[in-house]
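Below is one structure; the comments refer to it alone.
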Amino acid sequence: MATSVPVRQGLLRISAGTTSCEAPQRRSDLKLPKRHRKCKTCGEVFRYESKNVKRCQSCRQATATKPRCYLPSLIEEQKGTCPLCCKPLPETISADIHVDHRWPKIFGGTDDFENLQAVHIRCNRRKNASIALEGYKVVKDILHAVVDVSRVSIKGTRNDCSIILNGNSRESICQIWVKKGKVYLNVFDENKKETRTRINSFDEIRAFAEEIRSTTQRYLADKQ
């Protein structure tokens with residue numbers, strides 16, 4: 001008959017007629033080396049460069065989108081340098097390197113190799129913010145008859161830029177979201193419910209002029 005003896009590490013099970021016992025595996029035995037983790041897809045242990053990376057390089061490349069597949073060739077052609085800041089790229093391919101479209105898709109750019117470049121993630125985000133400025137100009141033109149456009153400003157966070165009223169982040173008129181060369185417009189209804197639509201040109205923002213004006217007028221009415 002098996003008996004259990006409580007100890008600090010857990011319970012040791014001792015079977016009758018045996019002289020050996022098996023202790024539970026310690027947590028230290030299960031720990032991986034620093035900056036290593038198991039791939040969520042294949043289970044292999046790999047070294048990660050960024051905390052956001054959950055899969056090994058082989059699994060990421062196997063499911064990579066077309067532009068991402070060009071990354072090794074792009075880095076080699078650029079001699080390991082980011083063309084936007086002229087500084088070296090990381091030595092190993094990681095999530096810190098983005099594939100950027102030289103001529104953005106919103107302006108008719110393609111996924112062809114000649115239109116792609118490997119850049120730092122921070123450089124890509126700065127470029128996306130500058131692209132959103134074109135949409136900001138269209139929104140100001142829409143609001144020209146509703147409010148003094150000097151009260152309308154743009155606030156950028158990573159890949160999305162919010163167009164706000166009176167410098168107040170809670171008074172978001174709409175949002176322009178740029179990712180992987182694609183541009184999305186977020187507008188809000190009277191309950192502040194968000195609707196996201198992909199746009200192929202900034203002129204398409206004018207199709208949402210009524211929603212943009214209505215949102216702005218609600219903010220103005222709340223101030224009265």
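Every chain in the structure tokens has a letter given in the order shown (A, B, ...), and although residue numbers restart at 1 in each chain, ligands are simply numbered from 1 in the order shown.
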Considering only C-alpha atoms, return as a list in words whatever protein or nucleic-acid residues lie within 9 Å of stretch 94-98 of chain A, sequence-local ones (same chain, fewer than 6 positions apart) excluded. Tyr48, Glu49, Ser50, Asn52, Val53, Gln57, Arg68, Leu71, Gln117, Ala118, Val119, His120, Ile121, Arg122, Cys123, Asn124 and Lys180 of chain A
Dump all heavy atoms for the selected residues as a CSV table (one decimal), in the first residue's frame?
```
chain,number,residue,atom,x,y,z
A,48,TYR,N,15.1,34.5,-28.7
A,48,TYR,CA,14.3,35.6,-29.2
A,48,TYR,C,15.0,36.9,-29.0
A,48,TYR,O,15.7,37.1,-28.0
A,48,TYR,CB,12.9,35.6,-28.6
A,48,TYR,CG,12.9,35.8,-27.1
A,48,TYR,CD1,12.8,37.1,-26.6
A,48,TYR,CD2,12.9,34.8,-26.2
A,48,TYR,CE1,12.8,37.3,-25.2
A,48,TYR,CE2,12.8,35.0,-24.9
A,48,TYR,CZ,12.8,36.3,-24.4
A,48,TYR,OH,12.8,36.5,-23.0
A,49,GLU,N,14.8,37.8,-30.0
A,49,GLU,CA,15.4,39.2,-29.9
A,49,GLU,C,14.4,40.2,-29.3
A,49,GLU,O,14.8,41.2,-28.7
A,49,GLU,CB,15.9,39.6,-31.3
A,49,GLU,CG,17.0,38.7,-31.9
A,49,GLU,CD,18.3,38.8,-31.1
A,49,GLU,OE1,18.5,39.8,-30.4
A,49,GLU,OE2,19.0,37.8,-31.1
A,50,SER,N,13.1,39.9,-29.5
A,50,SER,CA,12.1,40.8,-29.0
A,50,SER,C,11.1,40.0,-28.2
A,50,SER,O,10.8,38.8,-28.6
A,50,SER,CB,11.4,41.5,-30.2
A,50,SER,OG,10.3,42.2,-29.8
A,52,ASN,N,8.0,40.2,-28.2
A,52,ASN,CA,6.8,40.0,-28.9
A,52,ASN,C,6.9,38.8,-29.8
A,52,ASN,O,5.9,38.3,-30.4
A,52,ASN,CB,6.5,41.2,-29.8
A,52,ASN,CG,6.2,42.4,-28.9
A,52,ASN,OD1,5.6,42.3,-27.8
A,52,ASN,ND2,6.5,43.6,-29.4
A,53,VAL,N,8.1,38.2,-30.0
A,53,VAL,CA,8.3,37.1,-30.9
A,53,VAL,C,7.9,35.8,-30.2
A,53,VAL,O,8.5,35.5,-29.2
A,53,VAL,CB,9.7,37.0,-31.4
A,53,VAL,CG1,9.9,35.8,-32.3
A,53,VAL,CG2,10.1,38.3,-32.2
A,57,GLN,N,12.2,31.4,-36.1
A,57,GLN,CA,12.4,32.0,-37.4
A,57,GLN,C,11.9,31.1,-38.5
A,57,GLN,O,11.3,31.6,-39.5
A,57,GLN,CB,13.9,32.3,-37.6
A,57,GLN,CG,14.2,33.0,-38.9
A,57,GLN,CD,15.6,33.4,-39.1
A,57,GLN,OE1,16.3,33.5,-38.1
A,57,GLN,NE2,16.0,33.8,-40.3
A,68,ARG,N,7.4,40.0,-46.7
A,68,ARG,CA,8.3,39.5,-45.6
A,68,ARG,C,9.2,38.5,-46.1
A,68,ARG,O,10.3,38.4,-45.6
A,68,ARG,CB,7.4,39.0,-44.5
A,68,ARG,CG,8.2,38.7,-43.2
A,68,ARG,CD,8.4,40.0,-42.4
A,68,ARG,NE,9.2,39.7,-41.2
A,68,ARG,CZ,9.7,40.7,-40.4
A,68,ARG,NH1,9.5,42.0,-40.7
A,68,ARG,NH2,10.4,40.4,-39.4
A,71,LEU,N,12.7,39.7,-47.1
A,71,LEU,CA,13.5,40.4,-46.2
A,71,LEU,C,15.0,40.0,-46.2
A,71,LEU,O,15.8,40.9,-46.3
A,71,LEU,CB,12.9,40.1,-44.8
A,71,LEU,CG,13.4,41.1,-43.6
A,71,LEU,CD1,13.2,42.5,-44.0
A,71,LEU,CD2,12.6,40.8,-42.4
A,117,GLN,N,11.7,47.8,-49.1
A,117,GLN,CA,12.9,48.1,-48.4
A,117,GLN,C,12.8,47.6,-46.9
A,117,GLN,O,11.7,47.7,-46.3
A,117,GLN,CB,13.3,49.6,-48.5
A,117,GLN,CG,12.2,50.5,-47.9
A,117,GLN,CD,12.5,52.0,-48.2
A,117,GLN,OE1,13.6,52.3,-48.7
A,117,GLN,NE2,11.6,52.9,-47.8
A,118,ALA,N,13.9,47.2,-46.4
A,118,ALA,CA,14.0,46.7,-45.0
A,118,ALA,C,14.3,47.9,-44.1
A,118,ALA,O,15.4,48.6,-44.4
A,118,ALA,CB,15.0,45.6,-44.8
A,119,VAL,N,13.5,48.2,-43.1
A,119,VAL,CA,13.8,49.4,-42.3
A,119,VAL,C,13.5,49.0,-40.8
A,119,VAL,O,13.0,48.0,-40.5
A,119,VAL,CB,12.8,50.5,-42.7
A,119,VAL,CG1,13.0,51.0,-44.1
A,119,VAL,CG2,11.3,50.1,-42.5
A,120,HIS,N,14.0,49.9,-39.9
A,120,HIS,CA,13.8,49.7,-38.5
A,120,HIS,C,12.3,49.9,-38.2
A,120,HIS,O,11.6,50.7,-38.9
A,120,HIS,CB,14.5,50.8,-37.7
A,120,HIS,CG,16.0,50.6,-37.7
A,120,HIS,ND1,16.9,51.5,-38.3
A,120,HIS,CD2,16.8,49.6,-37.2
A,120,HIS,CE1,18.1,51.1,-38.2
A,120,HIS,NE2,18.1,49.9,-37.5
A,121,ILE,N,11.8,49.3,-37.2
A,121,ILE,CA,10.3,49.4,-36.9
A,121,ILE,C,10.0,50.9,-36.5
A,121,ILE,O,9.0,51.4,-36.9
A,121,ILE,CB,10.0,48.5,-35.7
A,121,ILE,CG1,8.5,48.6,-35.4
A,121,ILE,CG2,10.8,48.7,-34.5
A,121,ILE,CD1,8.0,47.6,-34.4
A,122,ARG,N,10.9,51.6,-35.8
A,122,ARG,CA,10.7,52.9,-35.4
A,122,ARG,C,10.6,53.9,-36.6
A,122,ARG,O,9.9,54.8,-36.7
A,122,ARG,CB,11.7,53.4,-34.4
A,122,ARG,CG,13.1,53.4,-34.9
A,122,ARG,CD,14.1,53.9,-33.8
A,122,ARG,NE,15.5,53.9,-34.3
A,122,ARG,CZ,16.3,52.8,-34.3
A,122,ARG,NH1,15.9,51.7,-33.8
A,122,ARG,NH2,17.5,52.9,-34.8
A,123,CYS,N,11.5,53.6,-37.6
A,123,CYS,CA,11.5,54.4,-38.8
A,123,CYS,C,10.2,54.2,-39.6
A,123,CYS,O,9.7,55.2,-40.2
A,123,CYS,CB,12.7,54.0,-39.7
A,123,CYS,SG,14.3,54.4,-38.9
A,124,ASN,N,9.8,53.0,-39.7
A,124,ASN,CA,8.5,52.7,-40.4
A,124,ASN,C,7.3,53.4,-39.8
A,124,ASN,O,6.5,53.9,-40.5
A,124,ASN,CB,8.3,51.2,-40.5
A,124,ASN,CG,7.3,50.8,-41.5
A,124,ASN,OD1,7.1,51.5,-42.5
A,124,ASN,ND2,6.6,49.7,-41.2
A,180,LYS,N,1.3,48.0,-42.9
A,180,LYS,CA,1.7,47.2,-44.0
A,180,LYS,C,1.3,47.8,-45.3
A,180,LYS,O,0.8,47.1,-46.3
A,180,LYS,CB,1.2,45.8,-43.9
A,180,LYS,CG,1.7,45.0,-42.7
A,180,LYS,CD,1.2,43.6,-42.6
A,180,LYS,CE,1.7,42.8,-41.5
A,180,LYS,NZ,1.2,41.5,-41.4
```
Determine, counting only C-alpha atoms, which protein, DNA and RNA residues have an atom within 12 Å of an atom of A:Ile163; residues of the same chain fewer than 5 positions away are not included. Present the result as JSON, numbers by chain. {"A": [129, 132, 133, 134, 135, 136, 137, 138, 139, 140, 143, 149, 151, 152, 153, 154, 155, 156, 157, 168, 169, 170, 171, 172, 173, 174, 175, 176, 177, 185, 186, 187, 188, 212, 215, 216]}
Let's have the selection written as a short mmCIF file (atom, residue, chain, number, x, y, z; two decimals), in the first residue's frame, with N, CA, C and O atoms.
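As written to disk, out_6.cif reads:
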```cif
data_model
loop_
_atom_site.label_atom_id
_atom_site.label_comp_id
_atom_site.auth_asym_id
_atom_site.auth_seq_id
_atom_site.Cartn_x
_atom_site.Cartn_y
_atom_site.Cartn_z
N ALA A 129 3.26 57.78 -39.87
CA ALA A 129 2.66 58.99 -39.30
C ALA A 129 2.66 60.13 -40.31
O ALA A 129 1.71 60.91 -40.39
N ALA A 132 -0.16 59.63 -42.74
CA ALA A 132 -1.45 59.99 -42.16
C ALA A 132 -1.71 61.49 -42.23
O ALA A 132 -2.87 61.93 -42.22
N LEU A 133 -0.66 62.29 -42.33
CA LEU A 133 -0.84 63.74 -42.42
C LEU A 133 -1.62 64.14 -43.67
O LEU A 133 -2.35 65.14 -43.67
N GLU A 134 -1.48 63.35 -44.74
CA GLU A 134 -2.24 63.63 -45.95
C GLU A 134 -3.74 63.49 -45.70
O GLU A 134 -4.55 64.28 -46.19
N GLY A 135 -4.10 62.47 -44.94
CA GLY A 135 -5.51 62.29 -44.58
C GLY A 135 -6.00 63.37 -43.65
O GLY A 135 -7.17 63.79 -43.71
N TYR A 136 -5.12 63.83 -42.79
CA TYR A 136 -5.45 64.92 -41.85
C TYR A 136 -5.85 66.18 -42.61
O TYR A 136 -6.80 66.89 -42.22
N LYS A 137 -5.17 66.46 -43.70
CA LYS A 137 -5.50 67.64 -44.51
C LYS A 137 -6.90 67.53 -45.09
O LYS A 137 -7.64 68.51 -45.16
N VAL A 138 -7.28 66.32 -45.50
CA VAL A 138 -8.62 66.10 -46.07
C VAL A 138 -9.68 66.31 -45.00
O VAL A 138 -10.73 66.93 -45.24
N VAL A 139 -9.44 65.79 -43.80
CA VAL A 139 -10.40 65.94 -42.70
C VAL A 139 -10.59 67.41 -42.35
O VAL A 139 -11.72 67.87 -42.12
N LYS A 140 -9.52 68.16 -42.31
CA LYS A 140 -9.64 69.59 -42.01
C LYS A 140 -10.46 70.31 -43.08
O LYS A 140 -11.24 71.22 -42.76
N LEU A 143 -14.09 69.71 -42.38
CA LEU A 143 -14.60 70.40 -41.19
C LEU A 143 -14.53 71.92 -41.30
O LEU A 143 -14.93 72.62 -40.36
N VAL A 149 -10.75 75.32 -37.98
CA VAL A 149 -9.85 74.17 -38.14
C VAL A 149 -8.58 74.30 -37.30
O VAL A 149 -7.84 73.32 -37.14
N ARG A 151 -8.65 74.48 -34.30
CA ARG A 151 -8.97 73.69 -33.11
C ARG A 151 -8.84 72.19 -33.37
O ARG A 151 -8.98 71.38 -32.45
N VAL A 152 -8.59 71.83 -34.61
CA VAL A 152 -8.46 70.42 -35.00
C VAL A 152 -6.97 70.09 -35.11
O VAL A 152 -6.22 70.79 -35.78
N SER A 153 -6.56 69.03 -34.44
CA SER A 153 -5.14 68.64 -34.46
C SER A 153 -5.03 67.13 -34.62
O SER A 153 -6.02 66.41 -34.56
N ILE A 154 -3.81 66.69 -34.83
CA ILE A 154 -3.56 65.26 -35.03
C ILE A 154 -2.59 64.78 -33.96
O ILE A 154 -1.63 65.47 -33.61
N LYS A 155 -2.89 63.62 -33.41
CA LYS A 155 -2.05 63.03 -32.37
C LYS A 155 -1.72 61.61 -32.79
O LYS A 155 -2.61 60.79 -32.99
N GLY A 156 -0.45 61.32 -32.94
CA GLY A 156 -0.04 60.01 -33.42
C GLY A 156 0.48 59.11 -32.33
O GLY A 156 1.19 59.55 -31.43
N THR A 157 0.09 57.84 -32.39
CA THR A 157 0.62 56.82 -31.49
C THR A 157 0.90 55.58 -32.32
O THR A 157 -0.02 54.93 -32.80
N ASN A 168 -7.90 67.53 -27.18
CA ASN A 168 -8.41 66.60 -26.17
C ASN A 168 -8.51 65.20 -26.78
O ASN A 168 -9.28 64.97 -27.72
N SER A 169 -7.77 64.25 -26.23
CA SER A 169 -7.77 62.89 -26.77
C SER A 169 -9.14 62.22 -26.64
O SER A 169 -9.44 61.28 -27.38
N ARG A 170 -9.96 62.69 -25.72
CA ARG A 170 -11.30 62.11 -25.55
C ARG A 170 -12.28 62.62 -26.61
O ARG A 170 -13.38 62.09 -26.71
N GLU A 171 -11.87 63.63 -27.34
CA GLU A 171 -12.73 64.17 -28.39
C GLU A 171 -12.14 63.79 -29.75
O GLU A 171 -11.76 64.63 -30.55
N SER A 172 -12.07 62.49 -29.98
CA SER A 172 -11.51 61.98 -31.22
C SER A 172 -12.56 62.05 -32.34
O SER A 172 -13.64 61.46 -32.23
N ILE A 173 -12.23 62.77 -33.38
CA ILE A 173 -13.15 62.94 -34.51
C ILE A 173 -13.11 61.71 -35.41
O ILE A 173 -14.14 61.18 -35.83
N CYS A 174 -11.92 61.24 -35.70
CA CYS A 174 -11.73 60.02 -36.48
C CYS A 174 -10.28 59.58 -36.29
O CYS A 174 -9.48 60.29 -35.67
N GLN A 175 -9.96 58.43 -36.83
CA GLN A 175 -8.60 57.90 -36.72
C GLN A 175 -8.14 57.40 -38.09
O GLN A 175 -8.94 56.85 -38.85
N ILE A 176 -6.87 57.59 -38.35
CA ILE A 176 -6.26 57.06 -39.57
C ILE A 176 -5.21 56.05 -39.15
O ILE A 176 -4.29 56.38 -38.40
N TRP A 177 -5.38 54.84 -39.62
CA TRP A 177 -4.54 53.71 -39.19
C TRP A 177 -3.76 53.19 -40.39
O TRP A 177 -4.34 52.83 -41.41
N LEU A 185 -9.62 53.90 -42.12
CA LEU A 185 -10.25 55.05 -41.49
C LEU A 185 -11.24 54.57 -40.44
O LEU A 185 -12.08 53.72 -40.72
N ASN A 186 -11.11 55.10 -39.23
CA ASN A 186 -12.04 54.78 -38.15
C ASN A 186 -12.92 55.99 -37.90
O ASN A 186 -12.42 57.09 -37.65
N VAL A 187 -14.23 55.79 -37.96
CA VAL A 187 -15.18 56.85 -37.62
C VAL A 187 -16.06 56.36 -36.48
O VAL A 187 -16.13 55.16 -36.20
N PHE A 188 -16.74 57.30 -35.81
CA PHE A 188 -17.50 56.97 -34.62
C PHE A 188 -18.95 57.42 -34.77
O PHE A 188 -19.23 58.46 -35.37
N ILE A 212 -18.07 62.42 -39.94
CA ILE A 212 -17.01 63.24 -39.35
C ILE A 212 -17.59 64.56 -38.83
O ILE A 212 -17.28 65.01 -37.72
N THR A 215 -19.85 63.90 -35.66
CA THR A 215 -19.05 63.67 -34.45
C THR A 215 -18.53 64.99 -33.89
O THR A 215 -18.58 65.25 -32.68
N THR A 216 -18.05 65.85 -34.77
CA THR A 216 -17.52 67.14 -34.33
C THR A 216 -18.62 68.00 -33.73
O THR A 216 -18.43 68.66 -32.69
#
```
